[in-house]
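Peer 1: Here you go, one structure.
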Amino acid sequence: MGLTLTEKILSAHLVEGEMIRGTEIGIRIDQTLTQDATGTMAYLEFEAMGVPRVKTEKSVAYIDHNTLQSGFENADDHRFIGSVAKKHGIYFSRPGNGICHQVHLERFGVPGKTLIGSDSHTPTGGGIGMIAIGAGGMDVAVAMGGGTYYITCPKVVKVNLTGKLSPWVAAKDVILEVLKRLSVKGGVGKVIEYTGEGVKTLSVPERATITNMGAELGATTSIFPSDETTREFLKAQGREDVWTELKADDDAVYDEVVDINLSELVPLAACPHSPDNVKSIEEIGNMKIDQVCIGSCTNSSLLDMMKVAHILKGKTVHPDVSLAIAPGSKQVLTMMAELGLLETMIDAGVRILESACGPCIGMGQSPNSGGISLRTFNRNFEGRSGTKDGQIYLVSPEVAAASAVAGVLTDPRTLGDMPEFVLPEKFKINDNMIAAPVDEEDMDSVEVLRGPNIKPFPVSESLAETIDAKVSLKVGDNITTDHIMPAGAKILPLRSNIPKISEHCFAVCDEKFHDRALELGKSIVIGGSNYGQGSSREHAALAPLYLGVKAVITKSFARIHVANLINAGIVPLTFKNEADYDKIDQMDELKIEHIGEQIKNGSTVVVTDVTKGFTFETNADFSERQKQMLCAGGLLNYTKQLNS
Ligand code: MIC
Ligand code: SF4
């Protein structure tokens with residue numbers, strides 16, 4: 001029986017377990033990446049582990065998220081990360097060098113290698129045939145220290161691509177179509193593997209757009225084969241030597257098959273407030289728009305910028321629209337300048353932003369009240385833009401640029417003939433904004449620079465005999481980590497200060513949560529399905545931990561978040577009977593007796609609702625390792641126990 005590409009790479013890196021779907025496996029990690037908003041915690045955790053030098057083949061720390069410096073906090077965090085990186089063997093991509101995923105694809109990614117990153121869009125690397133997975137900071141810290149990374153052995157979904165995209169239809173429309181079909185939870189526990197004749201019609205940046213936004217499916221990761229197109233891309237990056245051909249066997253067996261005929265796709269948009277709320281541009285109609293933002297790790301490649309500049313050439317941005325563009329990397333920006341694209345954009349009235357995440361994470365460019373904003377990004381969760389009632393539509397760069405000129409949502413197919421956009425044979429290579437670490441023998445000479453905003457992270461206690469606590473919050477389905485721990489320009493500077501950032505925990509759902517949780521001392525949160533979808537931020541576990549949340553009981557969890565909860569020592573349980581969710585109210589008192597025993601001895605944990613006088617069963621499907629971690633009170637305590 002043949003193997004999928006996913007199975008080939010995973011089994012080549014397997015260090016624990018067996019390749020049996022649904023069971024926990026441990027894999028060796030070749031590369032790691034961090035970004036600044038999750039990186040401070042990851043490096044504090046790395047320091048706490050006491051490993052002097054990273055043991056990976058390549059670890060890179062990027063500064064791309066918290067780039068607005070309206071106080072000392074972000075600048076201090078940048079310096080901290082820069083100095084920690086220099087000391088411990090990590091390459092440091094300085095602010096201005098670009099968005100982690102774009103730069104990593106350009107300069108560091110290697111087909112067939114494993115990469116984990118403290119950012120949920122790490123699967124961008126799947127565009128060149130990597131198994132690239134988003135993870136919590138603590139898991140990245142462990143991997144940097146040479147430790148194993150654990151995942152549930154995934155099912156593999158084959159997306160069989162046939163045909164060729166029609167003019168003005170984009171890679172973004174491919175992933176929006178997949179999201180429309182599978183939904184934001186359709187990828188949980190799965191790797192999405194793209195195959196078929198259609199693959200060779202897509203360039204590497206297009207493939208990377210697709211694997212990037214596979215994160216919105218809840219998938220473990222997404223991957224394309226590494227073929228001649230990959231070789232050309234790496235050659236243009238001066239890195240042909242790292243290329244290898246990689247593909248699934250012809251008789252590979254997949255768990256599911258999704259057929260997509262590229263020729264039949266049309267321009268699409270994800271409507272507020274979910275990436276899977278997808279409609280065609282035609283269906284939505286000529287809606288008046290207020291803002292357009294082009295960029296983010298999904299759509300900020302040179303190819304995207306070439307298309308946008310072509311559409312803007314000789315035009316002026318509509319007077320009622322603000323158009324902001326953030327190129328993905330210094331390389332993209334320099335080449336835009338060289339090729340004259342920058343001049344075209346400036347001429348048209350574009351607001352050029354620095355090469356960073358920017359508006360995607362609410363770091364500036366929040367739309368006007370109730371404003372309609374078209375964005376080439378990957379997430380449109382409520383409030384994420386920084387404007388609570390902002391209406392965010394996720395679209396391709398082609399739709400974005402055509403609409404920015406017209407002032408209304410516009411189908412780019414109305415633009416007439418589309419020229420062929422060809423990527424240069426050679427990209428401009430200048431890695432002068434990537435600082436190499438010092439040699440091991442010089443590491444003592446590097447002082448780690450800590451600002452006053454950098455506070456120690458909370459560590460859980462070992463699991464109590466009984467959890468007897470009130471429900472501090474009950475929320476519905478599809479709660480994102482942007483609900484649990486919002487981001488944006490005001491809150492992100494607090495990422496290295498858990499006590500302070502906790503003041504904003506769940507504020508999107510209930511502004512009183514912080515005070516109530518503190519008053520209760522310890523509490524339990526109740527959630528619906530796909531709880532914790534979206535970002536990898538472990539702050540969505542660390543802030544509740546700090547506020548005394550001991551357990552979270554939901555209908556189902558998103559992959560990265562549940563791992564973060566376990567790492568933090570918060571018990572994640574799911575209802576055996578979803579109807580029990582309806583019976584529980586906020587402030588009910590719940591009692592879980594002998595919780596440690598229950599977790600250790602089986603896969604069911606019985607909970608009593610003391611207020612309502614009924615008991616219900618929850619699933620506690622943990623691996624042996626996870627059970628021990630929960631009983632020890634999280635990953636750090638567990639590791640200490642192992643080493644003592
Ligand atoms: C995001 O897109 O939500 C982020 C900001 O990149 C996050 C990481 C974070 O919260 O810092 C992610 O996707 O993991
Ligand atoms: Fe940055 Fe947005 Fe990509 Fe997250 S999704 S890494 S905030 S560009």
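Chain labels A, B, ... are given in the sequence in which chains occur in the structure tokens; within each chain residues are numbered consecutively from 1, and ligands are likewise numbered from 1 in the order shown.
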Enumerate the residues of range 126-281 of chain A with a DSSP assignment of alpha helix (DSSP H), computed from the backbone, and present them as an MDAnalysis selection string.
Peer 2: chainID A and resid 137:144 171:182 204:213 228:236 281
Peer 1: What are the closest atom pairs, with distances in Å to one decimal, for all residues of range 519-612 of chain A lying within 10 Å of range 146-170 of chain A? Consider only C-alpha atoms, order rows by chain and residue number, and present the result as JSON lines.
Peer 2:
{"residue": "A:Arg559", "atom": "CA", "partner": "A:Ile151", "partner_atom": "CA", "distance": 8.9}
{"residue": "A:Ile560", "atom": "CA", "partner": "A:Ile151", "partner_atom": "CA", "distance": 9.5}
{"residue": "A:Ala563", "atom": "CA", "partner": "A:Ile151", "partner_atom": "CA", "distance": 8.9}
Peer 1: Would you pick out the contacts of Phe80 in chain A at 12 Å or less, using only C-alpha atoms, so that residues sharing its chain but fewer than 4 positions from it are not included, and give the list as a VMD selection string?
Peer 2: chain A and resid 36 39 to 44 47 61 63 73 to 76 84 to 87 92 446 to 454 496
Peer 1: For Ile501 in chain A, work out the shell of residues within 9 Å, counting only C-alpha atoms and skipping chain neighbours fewer than 3 positions away, then give it as a list in words.
Peer 2: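 My reading of the contact set: Met485, Ile491, Leu492, Pro493, Leu494, Arg495, Ser496, Asn497, Ile498, His504, Cys505, His539 and Ala543 of chain A.
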Peer 1: Mind checking which residues fall within 8 Å of range 223-225 of chain A, counting only C-alpha atoms, ignoring those fewer than 6 positions away in the same chain, and posting them as a list of chain:residue names?
Peer 2: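 These residues fall inside the cut-off: A:Leu5, A:Thr6, A:Pro123, A:Gly125, A:Gly126, A:Gly127, A:Ile128, A:Gly129, A:Met130, A:Ile131, A:Val191, A:Ile192, A:Glu193, A:Tyr194, A:Thr195, A:Val199, A:Arg207, A:Thr211, A:Glu245, A:Leu246, A:Lys247, A:Ala248.
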Peer 1: Kindly provide the residues of chain A that approach ligand 2 to within 9 Å, each paired with its closest atom pair and their distance in Å to one decimal, based on only C-alpha atoms and all ligand atoms, listed by chain and increasing number, as a tab-separated table.
Peer 2:
residue	atom	partner	partner_atom_place_in_ligand_line	distance
A:Gln35	CA	ligand 2	6 (S)	7.9
A:Asp64	CA	ligand 2	1 (Fe)	7.0
A:His65	CA	ligand 2	1 (Fe)	5.9
A:Ile99	CA	ligand 2	1 (Fe)	6.4
A:Cys100	CA	ligand 2	6 (S)	6.8
A:His101	CA	ligand 2	6 (S)	6.9
A:Gln102	CA	ligand 2	3 (Fe)	9.0
A:Asp119	CA	ligand 2	6 (S)	6.3
A:Ser120	CA	ligand 2	4 (Fe)	7.2
A:His121	CA	ligand 2	6 (S)	6.0
A:Thr122	CA	ligand 2	6 (S)	8.0
A:Asn212	CA	ligand 2	3 (Fe)	8.3
A:Met213	CA	ligand 2	5 (S)	8.5
A:Gly295	CA	ligand 2	8 (S)	7.4
A:Ser296	CA	ligand 2	8 (S)	3.7
A:Cys297	CA	ligand 2	3 (Fe)	4.2
A:Thr298	CA	ligand 2	3 (Fe)	6.6
A:Asn299	CA	ligand 2	8 (S)	8.9
A:Ser300	CA	ligand 2	8 (S)	8.9
A:Gly328	CA	ligand 2	8 (S)	8.4
A:Ala356	CA	ligand 2	8 (S)	7.0
A:Cys357	CA	ligand 2	8 (S)	4.0
A:Gly358	CA	ligand 2	8 (S)	7.2
A:Pro359	CA	ligand 2	2 (Fe)	7.8
A:Cys360	CA	ligand 2	2 (Fe)	4.4
A:Ile361	CA	ligand 2	7 (S)	4.4
A:Gly362	CA	ligand 2	7 (S)	8.2
A:Met363	CA	ligand 2	7 (S)	8.8
A:Phe377	CA	ligand 2	2 (Fe)	6.7
A:Asn378	CA	ligand 2	5 (S)	6.0
A:Arg379	CA	ligand 2	5 (S)	6.9
A:Ser535	CA	ligand 2	4 (Fe)	7.3
Peer 1: Residues of the last selection are to be written out with N, CA, C and O atoms, as a compact mmCIF listing (two decimals), in the first residue's frame.
Peer 2:
# COMPACT_ATOMS: atom_id res chain seq x y z
N GLN A 35 7.38 34.26 16.54
CA GLN A 35 7.20 35.69 16.24
C GLN A 35 7.16 36.42 17.57
O GLN A 35 7.14 35.78 18.63
N ASP A 64 7.55 40.76 13.84
CA ASP A 64 6.64 41.16 12.77
C ASP A 64 5.26 41.57 13.26
O ASP A 64 4.52 42.24 12.55
N HIS A 65 4.89 41.18 14.46
CA HIS A 65 3.53 41.45 14.94
C HIS A 65 3.41 42.79 15.65
O HIS A 65 2.64 43.65 15.25
N ILE A 99 7.20 39.46 7.43
CA ILE A 99 6.30 38.56 8.17
C ILE A 99 6.95 37.18 8.24
O ILE A 99 7.43 36.65 7.24
N CYS A 100 6.91 36.59 9.43
CA CYS A 100 7.64 35.34 9.66
C CYS A 100 7.40 34.30 8.57
O CYS A 100 8.36 33.72 8.03
N HIS A 101 6.16 34.06 8.22
CA HIS A 101 5.89 32.95 7.29
C HIS A 101 6.41 33.25 5.88
O HIS A 101 6.90 32.36 5.19
N GLN A 102 6.29 34.50 5.47
CA GLN A 102 6.77 34.88 4.14
C GLN A 102 8.30 34.76 4.09
O GLN A 102 8.87 34.17 3.18
N ASP A 119 2.98 30.15 15.92
CA ASP A 119 2.00 30.94 15.17
C ASP A 119 1.19 29.97 14.32
O ASP A 119 1.76 29.07 13.68
N SER A 120 -0.10 30.16 14.33
CA SER A 120 -0.97 29.16 13.69
C SER A 120 -0.82 29.09 12.18
O SER A 120 -1.25 28.12 11.56
N HIS A 121 -0.24 30.11 11.56
CA HIS A 121 -0.09 30.07 10.10
C HIS A 121 1.24 29.50 9.63
O HIS A 121 1.61 29.62 8.46
N THR A 122 1.93 28.82 10.54
CA THR A 122 3.17 28.14 10.18
C THR A 122 2.99 27.18 8.99
O THR A 122 3.93 26.99 8.21
N ASN A 212 -1.32 28.25 3.89
CA ASN A 212 -1.41 29.23 4.98
C ASN A 212 -2.81 29.24 5.57
O ASN A 212 -3.01 29.09 6.76
N MET A 213 -3.78 29.39 4.71
CA MET A 213 -5.15 29.58 5.20
C MET A 213 -5.84 28.26 5.53
O MET A 213 -6.97 28.25 6.01
N GLY A 295 -2.14 42.47 2.09
CA GLY A 295 -0.93 42.02 2.78
C GLY A 295 -1.25 40.80 3.61
O GLY A 295 -2.13 40.03 3.25
N SER A 296 -0.54 40.62 4.71
CA SER A 296 -0.62 39.49 5.65
C SER A 296 0.11 38.28 5.10
O SER A 296 0.41 38.21 3.90
N CYS A 297 0.34 37.31 5.97
CA CYS A 297 1.09 36.13 5.55
C CYS A 297 0.36 35.33 4.48
O CYS A 297 0.94 34.46 3.85
N THR A 298 -0.90 35.64 4.23
CA THR A 298 -1.66 34.90 3.20
C THR A 298 -1.39 35.45 1.80
O THR A 298 -1.31 34.70 0.83
N ASN A 299 -1.31 36.75 1.69
CA ASN A 299 -1.26 37.37 0.36
C ASN A 299 -0.36 38.59 0.32
O ASN A 299 -0.83 39.71 0.11
N SER A 300 0.93 38.38 0.51
CA SER A 300 1.82 39.54 0.48
C SER A 300 3.07 39.24 -0.32
O SER A 300 4.09 39.89 -0.17
N GLY A 328 4.99 41.61 2.12
CA GLY A 328 5.29 40.55 3.08
C GLY A 328 6.69 40.52 3.63
O GLY A 328 6.94 40.00 4.71
N ALA A 356 5.10 43.90 7.69
CA ALA A 356 4.76 43.30 8.98
C ALA A 356 3.29 42.88 8.94
O ALA A 356 2.61 43.10 7.94
N CYS A 357 2.83 42.29 10.04
CA CYS A 357 1.43 41.84 10.08
C CYS A 357 0.46 43.01 10.01
O CYS A 357 -0.60 42.93 9.40
N GLY A 358 0.78 44.08 10.73
CA GLY A 358 -0.01 45.31 10.68
C GLY A 358 -1.50 45.10 10.92
O GLY A 358 -1.90 44.51 11.94
N PRO A 359 -2.34 45.57 9.99
CA PRO A 359 -3.79 45.56 10.22
C PRO A 359 -4.35 44.16 10.48
O PRO A 359 -5.40 44.03 11.10
N CYS A 360 -3.67 43.12 10.03
CA CYS A 360 -4.19 41.76 10.19
C CYS A 360 -4.39 41.43 11.66
O CYS A 360 -5.30 40.69 12.02
N ILE A 361 -3.53 42.00 12.51
CA ILE A 361 -3.66 41.71 13.94
C ILE A 361 -4.11 42.95 14.71
O ILE A 361 -3.95 43.08 15.91
N GLY A 362 -4.69 43.89 13.96
CA GLY A 362 -5.21 45.09 14.60
C GLY A 362 -4.14 46.06 15.03
O GLY A 362 -4.36 46.92 15.88
N MET A 363 -2.94 45.93 14.45
CA MET A 363 -1.84 46.86 14.74
C MET A 363 -2.00 48.06 13.80
O MET A 363 -1.26 48.21 12.82
N PHE A 377 -6.52 39.05 4.00
CA PHE A 377 -5.98 38.31 5.13
C PHE A 377 -6.68 36.95 5.27
O PHE A 377 -7.38 36.51 4.37
N ASN A 378 -6.51 36.35 6.45
CA ASN A 378 -7.07 35.01 6.64
C ASN A 378 -8.11 34.93 7.75
O ASN A 378 -8.73 33.90 7.93
N ARG A 379 -8.26 35.98 8.54
CA ARG A 379 -9.22 35.91 9.65
C ARG A 379 -10.08 37.17 9.69
O ARG A 379 -9.53 38.27 9.54
N SER A 535 -5.85 31.48 16.52
CA SER A 535 -4.44 31.70 16.83
C SER A 535 -3.84 30.64 17.76
O SER A 535 -4.55 29.96 18.50
Peer 1: Please determine, counting only C-alpha atoms, which residue among A:Leu323, A:Leu635, A:Met19, A:Met587 has the shortest atom-to-atom distance to Gly136 in chain A.
Peer 2: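 Among the listed residues, A:Leu635 lies closest to Gly136 in chain A.
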Peer 1: Quote the spacing between CA of Pro419 in chain A and CA of Val103 in chain A in Å to one decimal place.
Peer 2: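 Answer for the CA of Pro419 in chain A to CA of Val103 in chain A separation: 27.0 Å.
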Peer 1: Select, from A:Thr639, A:Gln291, A:Ser385, A:Gln365, the residue with the minimum atom-to-atom distance to ligand 1, counting only C-alpha atoms and all ligand atoms.
Peer 2: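 Comparing A:Thr639, A:Gln291, A:Ser385, A:Gln365 against ligand 1, the winner is A:Ser385.
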Peer 1: CA of Ala337 in chain A to CA of Gly238 in chain A: how many Å, to one decimal?
Peer 2: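 Taking CA of Ala337 in chain A as the start and CA of Gly238 in chain A as the end point, the length is 20.3 Å.
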Peer 1: Quick one: of A:Gly390, A:Pro397, A:Gly196, A:Gly633, who's nearest to Pro267 in chain A, counting only C-alpha atoms?
Peer 2: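 Residue with the minimum atom-to-atom distance to Pro267 in chain A: A:Pro397.
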Peer 1: CA of Gln69 in chain A and CA of Leu353 in chain A are how many Å apart?
Peer 2: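 Taking CA of Gln69 in chain A as the start and CA of Leu353 in chain A as the end point, the length is 14.2 Å.
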Peer 1: So, counting only C-alpha atoms, which residue among A:Val525, A:Ala558, A:Leu636, A:Met335 is closest to Val142 in chain A?
Peer 2: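 Looking at the shortest contact to Val142 in chain A, the residue is A:Leu636.
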Peer 1: Closest to ligand 1 among A:Asp347, A:Glu216, A:Asp139, A:Glu206, using only C-alpha atoms and all ligand atoms?
Peer 2: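 Checking each of A:Asp347, A:Glu216, A:Asp139, A:Glu206 against ligand 1, counting only C-alpha atoms and all ligand atoms, the winner is A:Glu216.
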Peer 1: Within range 223-467 of chain A, find each residue whose DSSP state, derived from the backbone, is strand (DSSP E), and express the selection as a PyMOL selection string.
Peer 2: chain A and resi 223+256-261+268-270+278-280+291-294+322-325+351-352+372-375+391-394+434-435+467
